[in-house]
Structure formats: structure tokens, C-alpha cells
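Enquirer: File name work.txt; file contents compact mmCIF, C-alpha atoms; full text below.
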# COMPACT_ATOMS: atom_id res chain seq x y z
CA MET C 128 7.38 48.76 -84.20
CA THR C 129 9.44 49.54 -81.12
CA ALA C 130 12.28 47.39 -79.82
CA PRO C 131 11.40 44.57 -77.42
CA SER C 132 11.52 45.74 -73.79
CA SER C 133 14.29 43.21 -73.08
CA LEU C 134 16.72 45.23 -75.22
CA PRO C 135 18.21 48.52 -74.03
CA ASP C 136 17.26 51.77 -75.70
CA ILE C 137 19.52 52.89 -78.54
CA PRO C 138 21.29 56.20 -77.71
CA LEU C 139 20.12 57.89 -80.91
CA PRO C 140 20.38 61.58 -81.74
CA SER C 141 17.06 63.40 -81.99
CA GLY C 142 15.59 62.90 -85.44
CA ILE C 143 16.60 59.25 -85.87
CA ARG C 144 14.15 56.49 -85.08
CA SER C 145 14.38 52.72 -84.79
CA ARG C 146 11.93 50.43 -86.64
CA TYR C 147 11.45 46.80 -87.56
CA LEU C 148 10.46 45.54 -91.01
CA GLN C 149 8.81 42.14 -91.29
CA ASN C 150 9.46 39.51 -93.98
CA ILE C 151 12.51 41.08 -95.62
CA ASN C 152 13.93 38.08 -97.48
CA GLY C 153 13.23 35.89 -94.45
CA LEU C 154 14.42 38.46 -91.91
CA ARG C 155 12.88 40.68 -89.29
CA MET C 156 15.03 43.63 -90.27
CA HIS C 157 15.95 46.33 -87.78
CA VAL C 158 16.52 49.73 -89.40
CA LEU C 159 17.30 53.27 -88.35
CA GLU C 160 15.80 56.09 -90.36
CA ALA C 161 15.96 59.87 -90.52
CA GLY C 162 14.02 62.32 -92.65
CA PHE C 163 10.91 60.20 -92.32
CA GLU C 164 8.63 63.11 -91.40
CA THR C 165 8.09 64.27 -94.98
CA PRO C 166 6.62 61.75 -97.45
CA GLY C 167 7.97 61.54 -100.98
CA ARG C 168 11.59 62.37 -100.24
CA PRO C 169 14.33 60.73 -102.31
CA CYS C 170 16.01 57.86 -100.50
CA VAL C 171 19.60 57.02 -99.62
CA LEU C 172 20.54 53.63 -98.19
CA LEU C 173 23.49 53.21 -95.79
CA LEU C 174 25.19 49.80 -95.41
CA HIS C 175 27.60 49.21 -92.52
CA GLY C 176 30.59 46.88 -92.39
CA PHE C 177 32.33 44.62 -89.86
CA PRO C 178 32.19 44.83 -86.89
CA GLU C 179 29.69 47.67 -87.02
CA LEU C 180 25.95 48.34 -86.89
CA ALA C 181 23.41 50.71 -88.39
CA PHE C 182 24.20 52.85 -85.32
CA CYS C 183 27.64 53.60 -86.80
CA TRP C 184 25.96 55.89 -89.38
CA ARG C 185 24.42 58.08 -86.65
CA LYS C 186 26.69 61.07 -87.40
CA VAL C 187 25.81 61.33 -91.10
CA MET C 188 22.09 60.51 -90.98
CA ILE C 189 20.76 63.80 -89.62
CA PRO C 190 22.77 66.05 -91.99
CA LEU C 191 21.62 63.98 -94.99
CA ALA C 192 18.03 64.18 -93.75
CA GLU C 193 18.38 67.95 -93.35
CA ALA C 194 19.54 68.05 -96.98
CA GLY C 195 16.17 66.59 -98.00
CA TYR C 196 16.67 62.82 -98.01
CA HIS C 197 14.93 59.88 -96.40
CA VAL C 198 17.92 58.11 -94.88
CA ILE C 199 17.67 54.38 -94.14
CA ALA C 200 20.34 52.32 -92.36
CA PRO C 201 19.64 48.64 -91.61
CA ASP C 202 21.38 46.29 -89.24
CA GLN C 203 22.43 43.95 -92.02
CA ARG C 204 21.97 40.18 -92.06
CA GLY C 205 23.98 38.72 -89.18
CA TYR C 206 24.12 41.92 -87.12
CA GLY C 207 22.50 43.75 -84.27
CA ARG C 208 18.75 43.59 -83.82
CA THR C 209 17.97 42.05 -87.20
CA SER C 210 16.80 38.47 -86.66
CA GLY C 211 15.93 35.43 -88.75
CA TRP C 212 19.51 34.60 -89.77
CA ASP C 213 21.39 31.43 -88.80
CA SER C 214 24.28 31.95 -86.36
CA ASP C 215 25.41 28.32 -86.49
CA TYR C 216 28.86 27.82 -88.05
CA ASP C 217 27.46 24.65 -89.64
CA GLY C 218 24.18 26.31 -90.58
CA ASP C 219 22.85 28.08 -93.67
CA LEU C 220 25.98 29.73 -95.07
CA ALA C 221 24.41 30.32 -98.49
CA SER C 222 22.05 32.95 -97.08
CA PHE C 223 25.09 35.20 -96.44
CA ARG C 224 26.40 35.15 -100.03
CA LEU C 225 26.59 38.47 -101.84
CA THR C 226 23.68 37.82 -104.19
CA ASN C 227 21.40 37.27 -101.19
CA LEU C 228 22.74 40.35 -99.38
CA VAL C 229 21.81 42.37 -102.47
CA ARG C 230 18.35 40.84 -102.27
CA ASP C 231 18.18 42.07 -98.66
CA THR C 232 18.88 45.65 -99.80
CA LEU C 233 16.20 45.43 -102.47
CA GLY C 234 13.75 44.12 -99.89
CA VAL C 235 14.41 47.06 -97.57
CA VAL C 236 13.93 49.81 -100.15
CA SER C 237 10.89 48.07 -101.60
CA ALA C 238 9.34 47.79 -98.13
CA PHE C 239 9.59 51.56 -97.83
CA GLY C 240 7.85 52.01 -101.18
CA TYR C 241 10.80 53.00 -103.33
CA ASN C 242 11.37 51.87 -106.91
CA THR C 243 14.60 53.87 -107.12
CA VAL C 244 17.19 55.03 -104.59
CA ASP C 245 19.34 58.11 -105.12
CA ALA C 246 22.42 56.45 -103.61
CA VAL C 247 23.47 53.22 -102.00
CA ILE C 248 26.38 53.99 -99.67
CA GLY C 249 28.47 51.22 -98.14
CA HIS C 250 31.42 51.08 -95.78
CA ASP C 251 33.92 48.21 -95.35
CA PHE C 252 32.11 44.98 -96.26
CA GLY C 253 29.03 47.12 -96.77
CA SER C 254 30.98 48.69 -99.64
CA ALA C 255 31.01 45.30 -101.37
CA VAL C 256 27.24 44.95 -100.93
CA ALA C 257 26.75 48.48 -102.26
CA ALA C 258 28.98 47.77 -105.26
CA TRP C 259 27.19 44.55 -106.15
CA SER C 260 23.81 46.23 -105.67
CA ALA C 261 24.90 48.88 -108.16
CA LEU C 262 26.27 46.29 -110.59
CA MET C 263 23.26 43.99 -110.46
CA ARG C 264 20.45 46.58 -110.25
CA PRO C 265 21.48 49.91 -111.76
CA ASP C 266 17.79 50.46 -112.54
CA VAL C 267 17.11 50.74 -108.78
CA PHE C 268 20.27 52.44 -107.52
CA ARG C 269 20.97 55.76 -109.28
CA SER C 270 24.47 56.12 -107.79
CA VAL C 271 26.87 54.35 -105.45
CA VAL C 272 29.35 55.50 -102.81
CA LEU C 273 32.04 53.07 -101.70
CA MET C 274 33.93 53.67 -98.46
CA SER C 275 37.23 52.11 -97.39
CA ALA C 276 36.94 49.00 -99.56
CA PRO C 277 37.58 49.50 -103.31
CA PHE C 278 35.65 47.42 -105.84
CA ALA C 279 37.91 45.69 -108.38
CA GLY C 280 35.08 44.26 -110.46
CA ALA C 281 33.39 40.92 -110.93
CA PRO C 282 35.63 37.83 -110.80
CA SER C 283 36.80 36.70 -114.22
CA LEU C 284 35.91 33.44 -115.86
CA PRO C 285 38.91 31.19 -116.62
CA PHE C 286 40.13 32.55 -119.94
CA ASN C 287 41.63 30.45 -122.74
CA SER C 288 41.76 27.46 -120.39
CA ALA C 289 41.22 25.11 -123.35
CA ASN C 290 44.68 26.05 -124.62
CA GLU C 291 46.67 27.11 -121.55
CA ALA C 292 47.19 25.51 -118.14
CA ILE C 293 45.46 27.42 -115.34
CA ASP C 294 46.75 27.34 -111.75
CA ALA C 295 43.45 27.07 -109.87
CA GLU C 296 45.21 27.30 -106.50
CA ALA C 297 47.42 30.31 -107.24
CA GLU C 298 45.74 32.48 -104.61
CA ASP C 299 46.20 29.80 -101.95
CA HIS C 300 49.97 29.71 -102.42
CA VAL C 301 50.35 32.99 -100.56
CA HIS C 302 48.95 31.47 -97.37
CA ARG C 303 51.60 28.79 -97.32
CA GLU C 304 54.16 31.49 -98.01
CA LEU C 305 52.87 33.64 -95.13
CA ALA C 306 53.15 30.68 -92.76
CA ALA C 307 56.70 30.05 -93.96
CA LEU C 308 57.99 33.58 -93.31
CA PRO C 309 60.72 33.99 -90.65
CA ARG C 310 57.95 35.60 -88.58
CA PRO C 311 55.06 33.25 -89.48
CA ARG C 312 51.86 35.07 -90.42
CA LYS C 313 48.27 34.46 -91.55
CA HIS C 314 45.69 36.52 -93.43
CA TYR C 315 42.86 37.86 -91.29
CA GLN C 316 40.09 36.86 -93.72
CA TRP C 317 41.17 33.23 -93.64
CA TYR C 318 41.34 33.44 -89.85
CA TYR C 319 37.81 34.94 -89.81
CA SER C 320 36.67 31.87 -91.72
CA THR C 321 37.76 29.48 -88.96
CA ARG C 322 35.39 27.89 -86.48
CA GLU C 323 37.29 29.43 -83.55
CA ALA C 324 37.26 33.10 -84.61
CA ASP C 325 33.86 33.99 -83.15
CA ASP C 326 34.69 32.42 -79.80
CA HIS C 327 38.01 34.26 -79.64
CA MET C 328 36.25 37.64 -79.98
CA HIS C 329 32.91 36.94 -78.33
CA ARG C 330 34.67 35.48 -75.29
CA ALA C 331 37.78 37.62 -75.44
CA PRO C 332 39.74 37.51 -72.14
CA GLN C 333 39.54 41.31 -71.92
CA GLY C 334 35.78 41.31 -72.59
CA VAL C 335 33.90 42.41 -75.70
CA HIS C 336 33.98 46.10 -74.77
CA ALA C 337 37.76 46.26 -74.36
CA PHE C 338 38.22 44.08 -77.45
CA LEU C 339 36.20 46.48 -79.60
CA ARG C 340 37.89 49.54 -78.12
CA ALA C 341 41.31 48.15 -79.06
CA TYR C 342 40.09 46.95 -82.48
CA TYR C 343 38.56 50.31 -83.41
CA HIS C 344 41.60 52.20 -82.07
CA TYR C 345 44.15 50.04 -83.88
CA LYS C 346 42.41 50.59 -87.25
CA SER C 347 41.83 54.33 -86.75
CA ALA C 348 44.02 57.37 -87.35
CA ASP C 349 44.45 57.55 -83.56
CA TRP C 350 46.97 54.71 -83.85
CA LYS C 351 50.09 56.52 -84.95
CA GLY C 352 51.55 53.49 -86.73
CA GLU C 353 49.17 53.91 -89.67
CA ALA C 354 51.09 54.82 -92.84
CA PRO C 355 49.42 52.92 -95.72
CA TYR C 356 50.76 52.78 -99.26
CA PRO C 357 50.06 50.72 -102.40
CA LEU C 358 51.44 47.18 -102.31
CA ARG C 359 53.22 45.87 -105.37
CA SER C 360 51.80 42.35 -105.46
CA TRP C 361 49.69 39.66 -103.82
CA SER C 362 52.73 38.02 -102.22
CA ALA C 363 53.66 37.08 -98.68
CA THR C 364 56.54 39.53 -98.46
CA GLU C 365 54.36 42.43 -99.62
CA LEU C 366 51.28 41.54 -97.56
CA ALA C 367 53.42 41.22 -94.43
CA ASN C 368 54.00 44.98 -94.56
CA MET C 369 50.44 45.56 -93.39
CA PRO C 370 49.51 45.87 -89.70
CA THR C 371 48.73 42.73 -87.74
CA TYR C 372 44.98 43.32 -87.81
CA TYR C 373 45.23 42.34 -91.51
CA ILE C 374 48.27 40.07 -91.61
CA MET C 375 48.23 38.45 -88.19
CA ASP C 376 50.93 36.58 -86.37
CA ARG C 377 50.23 32.93 -87.08
CA ASP C 378 49.83 31.86 -83.46
CA LYS C 379 47.71 34.78 -82.21
CA ASP C 380 43.97 35.26 -82.38
CA MET C 381 42.36 38.64 -83.05
CA ALA C 382 41.62 39.42 -79.40
CA ALA C 383 45.29 38.93 -78.49
CA THR C 384 46.39 40.84 -81.60
CA VAL C 385 44.50 44.03 -80.83
CA ALA C 386 45.09 43.82 -77.05
CA GLU C 387 48.68 44.90 -77.72
CA HIS C 388 47.32 48.22 -79.02
CA MET C 389 44.78 49.04 -76.32
CA PRO C 390 44.73 52.84 -75.93
CA SER C 391 45.46 54.43 -72.58
CA ALA C 392 42.71 55.58 -70.24
CA GLY C 393 43.57 59.16 -71.15
CA ALA C 394 43.27 58.47 -74.86
CA ILE C 395 39.93 56.76 -74.35
CA ALA C 396 38.60 59.70 -72.34
CA ALA C 397 39.76 62.12 -75.04
CA ASN C 398 38.18 60.21 -77.91
CA GLN C 399 35.57 62.38 -79.60
CA TRP C 400 34.51 60.15 -82.50
CA LEU C 401 33.70 57.08 -80.37
CA PRO C 402 33.03 58.02 -76.74
CA GLU C 403 32.57 55.29 -74.18
CA SER C 404 28.79 55.75 -74.12
CA ASP C 405 28.52 55.00 -77.85
CA LEU C 406 30.98 52.12 -77.70
CA SER C 407 29.03 50.66 -74.77
CA PHE C 408 25.97 50.33 -76.97
CA CYS C 409 27.96 48.58 -79.71
CA SER C 410 29.72 46.23 -77.29
CA THR C 411 26.42 45.33 -75.60
CA GLU C 412 24.93 44.44 -79.00
CA PHE C 413 27.88 42.25 -80.00
CA ALA C 414 28.05 40.67 -76.55
CA ARG C 415 24.44 39.60 -77.09
CA SER C 416 24.64 38.50 -80.74
CA GLY C 417 28.25 37.40 -81.11
CA PHE C 418 30.28 37.96 -84.27
CA GLN C 419 29.47 34.83 -86.29
CA GLY C 420 26.82 36.55 -88.39
CA GLY C 421 29.39 38.98 -89.77
CA LEU C 422 32.05 36.29 -90.05
CA GLN C 423 29.74 34.28 -92.32
CA TRP C 424 30.19 37.03 -94.93
CA TYR C 425 33.95 36.38 -95.01
CA ARG C 426 33.39 32.64 -95.33
CA CYS C 427 31.18 33.22 -98.36
CA ALA C 428 33.68 35.64 -99.89
CA LEU C 429 36.39 32.98 -99.72
CA SER C 430 34.17 30.15 -100.95
CA SER C 431 34.98 29.05 -104.51
CA LYS C 432 31.33 28.01 -104.86
CA PHE C 433 29.95 31.46 -104.09
CA ARG C 434 32.73 33.30 -105.92
CA SER C 435 31.93 31.24 -109.01
CA GLU C 436 28.32 32.40 -108.80
CA LEU C 437 29.55 36.00 -109.21
CA GLN C 438 31.26 35.10 -112.49
CA ILE C 439 27.84 35.49 -114.09
CA TRP C 440 28.70 39.22 -114.14
CA SER C 441 32.27 38.72 -115.42
CA GLY C 442 33.24 41.64 -117.64
CA ARG C 443 30.40 43.86 -116.40
CA SER C 444 31.17 47.25 -114.88
CA ILE C 445 29.36 49.69 -112.61
CA ASP C 446 28.08 52.32 -115.03
CA ILE C 447 26.20 54.63 -112.67
CA PRO C 448 27.86 57.65 -110.99
CA SER C 449 30.29 56.43 -108.35
CA LEU C 450 32.30 57.98 -105.52
CA PHE C 451 35.02 56.55 -103.30
CA ILE C 452 35.80 57.83 -99.80
CA ALA C 453 38.33 56.51 -97.30
CA GLY C 454 40.63 57.71 -94.58
CA ALA C 455 44.13 58.72 -95.62
CA GLN C 456 45.37 56.42 -92.85
CA ASP C 457 43.24 53.45 -93.95
CA TRP C 458 45.12 50.31 -95.04
CA GLY C 459 41.80 48.99 -96.34
CA VAL C 460 42.35 51.00 -99.51
CA TYR C 461 45.40 48.89 -100.38
CA GLN C 462 44.84 45.51 -98.72
CA HIS C 463 44.01 43.92 -102.09
CA PRO C 464 46.89 45.06 -104.33
CA GLY C 465 45.64 46.69 -107.52
CA ALA C 466 41.97 46.92 -106.50
CA TYR C 467 42.06 50.69 -105.94
CA GLU C 468 43.48 51.22 -109.41
CA LEU C 469 41.13 48.73 -111.11
CA MET C 470 38.13 50.42 -109.52
CA GLN C 471 39.07 53.72 -111.15
CA SER C 472 40.25 52.40 -114.51
CA ARG C 473 37.76 49.63 -115.27
CA ALA C 474 35.30 48.51 -112.58
CA CYS C 475 33.51 51.87 -112.19
CA THR C 476 33.17 53.67 -115.52
CA ARG C 477 31.63 56.83 -114.05
CA MET C 478 33.86 57.34 -111.01
CA THR C 479 33.53 61.04 -110.18
CA ALA C 480 36.26 61.23 -107.52
CA CYS C 481 38.30 59.35 -104.95
CA HIS C 482 38.82 61.14 -101.64
CA LEU C 483 41.33 60.06 -98.99
CA ILE C 484 40.46 62.14 -95.92
CA ALA C 485 43.23 63.33 -93.60
CA GLY C 486 42.78 62.49 -89.94
CA ALA C 487 40.80 59.32 -90.59
CA GLY C 488 41.68 55.66 -90.59
CA HIS C 489 39.30 52.85 -91.39
CA TRP C 490 36.21 54.24 -89.61
CA VAL C 491 36.03 57.31 -91.84
CA GLN C 492 32.31 58.09 -91.43
CA GLN C 493 32.77 58.15 -87.66
CA GLU C 494 36.26 59.67 -87.40
CA GLN C 495 35.65 62.54 -89.85
CA SER C 496 31.89 62.66 -90.22
CA ASP C 497 31.68 66.36 -91.14
CA GLU C 498 33.97 65.93 -94.14
CA VAL C 499 32.20 62.73 -95.20
CA VAL C 500 28.85 64.54 -95.08
CA ARG C 501 30.25 67.42 -97.13
CA LEU C 502 31.51 65.06 -99.82
CA LEU C 503 28.28 63.07 -99.90
CA GLN C 504 26.17 66.20 -100.25
CA GLU C 505 28.40 67.52 -103.01
CA PHE C 506 28.11 64.22 -104.88
CA LEU C 507 24.34 63.96 -104.44
CA ASN C 508 23.87 67.57 -105.55
CA GLN C 509 25.70 66.80 -108.78
CA LEU C 510 23.22 64.04 -109.55
CA GLY C 511 20.20 66.27 -109.38
CA ARG C 512 16.78 64.96 -108.40
CA PRO C 513 14.99 62.41 -110.60
As C-alpha cells, how would this structure be written, given the file I've shared?

Expert:
Amino acid sequence: MTAPSSLPDIPLPSGIRSRYLQNINGLRMHVLEAGFETPGRPCVLLLHGFPELAFCWRKVMIPLAEAGYHVIAPDQRGYGRTSGWDSDYDGDLASFRLTNLVRDTLGVVSAFGYNTVDAVIGHDFGSAVAAWSALMRPDVFRSVVLMSAPFAGAPSLPFNSANEAIDAEAEDHVHRELAALPRPRKHYQWYYSTREADDHMHRAPQGVHAFLRAYYHYKSADWKGEAPYPLRSWSATELANMPTYYIMDRDKDMAATVAEHMPSAGAIAANQWLPESDLSFCSTEFARSGFQGGLQWYRCALSSKFRSELQIWSGRSIDIPSLFIAGAQDWGVYQHPGAYELMQSRACTRMTACHLIAGAGHWVQQEQSDEVVRLLQEFLNQLGRP
């Protein structure tokens, strides 16, 4: 099915097509696909993060298709041209919880007639969906690739609480400590959970296009202030070492935060990984849909109710072949102290490698797509065909 005539054409490279899938867990799911010409190919599923779209995989889709795969990239629940989700802040938040996002992925691959998928590949928050897909349904997903966001494992159940006092609010203490710093701060995920966050970005004074340009620039290797390193603890003083897109000034919203790092006109013109024509498509999509759909994911991640649901898998690990890829200038690798190490030592028992790519920040599959493709093909070749 083609896109409604009221929406602009997607500036896709030759070999990628746009389709709609009906009745995918209550959604009309928009997907991009490559390698669709030859039936019976093995499948790889690509899951984007925030604030991105299926379109952000455009640079890796054709090479993976040329390597013999049917490549599928959906606009995930809350994003782009996928519809059927609730954008109301007071609406159906439960539909955005991780267990339901995994159900979305299963619905997509099943709709295409696949019982198994060679790899589920996720970036940013899509990395979390990929990880949980691999943990919950290793019978469907033969391997998993996580990008930018490490997976530390399922949340633990309270242990020995019958005999020892448990501080149920320990994680919340850091937010009071951040606010009490000499330079008062706040954590971006808690800001993203506020009612005002969508309005701040959707109606940014500089406009959605300029907002996204500054946001993508600030979190990329193009911003020369990026020098990430492992943090020692989940404490205000340690977290405050991160850039302000993660640990924000208390009295600034995200639009004002990134506006301070807007690249020059010359830098924008020289940008090869996200030219203005490609950014214009993304900004038009977010100007139409807003950001609340993606922000609902953060609200669910911080909800004790939905986090408790994930304790069903406490102690379980990802036991299928796993790969981690991120930019060497990506603070996302370290934003949750200890997660990168836990992923390698305990959460993923068959982690084949962790690659931190030079010349890339957070948007690794766009900034250094050739190297990402090389690493993905190497990993998939090691798996062999089923």
C-alpha cells in the first residue's frame, strides 16, 4: 500500500520501498524494506530510537539487502507514519511498555511470513526493544545487535527483603541531589516524562527543523566537546560530568539546551551524514506527529509499575549471539554507570564483540554507516544461514 497522497514522498534510495501493514497489534504499521525482490531470503529487523524514524536506517539497508537479506525497518509505535497509537499524555500509556513493543516486533516479522529472524538490530531506545525481544523470544530471533545503548539485564527482584531493609527510593535520591548541586541540574529522562516536554520540542522557538539539527549535532562526533568515559557511580556529582543533553540545567528545556550548540551554516552545508534534504524529511515528519509518541517510551521505562512487570525475567540472560556497536564519541555507552560492563559479563552470555567506532557519536549508523555495515556483515556471516 502506498502512502496517502497528503503525505510527502520519502526521499528513499533506489531499492528501498515504503509499505503499510494492517492490524499489527492494533497498529497500521509503516515499514521500509529492501531485498524484497527475491522470496525466501533470511530476514533482519532494524529498530530505530529517539528521535528517529525507519528512514534513519537508509544507509545500511541496501548493503544488507545486497548481502542477501530481506531488510525490514518499521516506524515504531509512536513514530512517523505508523498510526493507531495514542498521542494523549493522559491516554493509553500501557501500550508503550516494553512487553508490548516486543509484541509489535513479533507482529511485523509474522506479517511478512517469518518464524525466525537472523538478527534483530536496535539503536538507542530501539536497542532496548531489540534486547528484550532477544531475551523474551530467542526462538524467533537468532541473534541480536545492540547499538549505543548497552543492556544491563532484567531488573532484579528485591532480594532478602524479609531480613534486610530495602531503600525503595534509592534511585530517586539522585534527582534531589542533582537539583541541589551548585549548578542545579536534572536528568533528561525524567524531563522527557513531564507533560511539557513534547510542547517544548514540537513548538520549539527555533522550529522543529533547527531543533533537530542542533540536537543531532550536539550528540554527534561533529560536536568537539564529546569525550565520554565510564562513570564511577549513579550519583549527582558523577552524572553531572555528562553533556547537558543528558544532565540538563534545571531551568532549561531541551530546545533551549541544544540551541546553544547549533552548528554554523558552513558546518551544516558540509555535513555528509545528515544533509539538509534528509533532515527536512525527518523534521517534517516530527512537525506533523510531534514527539509524545516517543516520549511515552521514557515514561514507561521510569514507571515502577511497568519496570516491575519486567522482573518476571529477573536472572535471565540473552543467550543468543550478540554484538554491540557504538560511536567512540557516544556518551550513551556510559550514561547508566556499569551497564556496559554488565552487558558483557552477565546480561549477554554470547557477546561476540563490542565495537566503539572512531568518528561517530550517538548516531553511529548514520555517521559511520560503511563501518557499521562491515561489522554487521561480519557478524551475520559468522552465524551462517539456518

Enquirer: Looking at all atoms listed in the file, which of C:Leu305, C:Ala354, C:Leu422, C:Ala161 is the one that sits closest to Arg377 in chain C?

Expert: C:Leu305

Enquirer: Give me the residues within 10 Å of Ala324 in chain C as a count of residues only, counting all atoms listed in the file and dropping any in the same chain fewer than 3 places off.

Expert: 16

Enquirer: For a quick check of understanding, using all atoms listed in the file, which of C:Leu159, C:Leu339, C:Ile151, C:Met188 has the smallest distance to Arg204 in chain C?

Expert: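 Of all the options, C:Ile151 lies closest to Arg204 in chain C.
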
Enquirer: Between CA of Leu507 in chain C and CA of Ser441 in chain C, what is the spacing in Å?

Expert: 28.6 Å

Enquirer: Wanna dump the range 458-488 of chain C-range 399-410 of chain C contacts at 12 Å for me, each residue with its shortest atom pair and the distance in Å to one decimal, counting only C-alpha atoms, ordered by chain and number, as CSV?

Expert:
residue,atom,partner,partner_atom,distance
C:Gly486,CA,C:Trp400,CA,11.4
C:Ala487,CA,C:Trp400,CA,10.3
C:Gly488,CA,C:Trp400,CA,11.7

Enquirer: Smallest atom-to-atom distance to Pro311 in chain C: which of C:Val256, C:Ile452, C:Leu273, C:Ala367, using all atoms listed in the file?

Expert: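 Closest to Pro311 in chain C, using all atoms listed in the file: C:Ala367.
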
Enquirer: From the list C:Ala485, C:Ala255, C:Phe268, C:Arg144, which residue is nearest Gly280 in chain C when using all atoms listed in the file?

Expert: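 Of C:Ala485, C:Ala255, C:Phe268, C:Arg144, the one nearest Gly280 in chain C is C:Ala255, counting all atoms listed in the file.
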
Enquirer: Pick out the closest residue to Ala279 in chain C from this set: C:Ala258, C:Ala192, C:Ala200, C:Leu134. Count all atoms listed in the file.

Expert: C:Ala258

Enquirer: Quick one: distance from CA of Pro169 in chain C to CA of Leu262 in chain C in Å, one decimal?

Expert: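 Distance between the two atoms: 20.5 Å.
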
Enquirer: Point out the residue among C:Gln333, C:Thr165, C:Asn398, C:Gln423 with the least atom-to-atom distance to His197 in chain C, counting only C-alpha atoms.

Expert: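 The answer is C:Thr165, which sits nearest to His197 in chain C.
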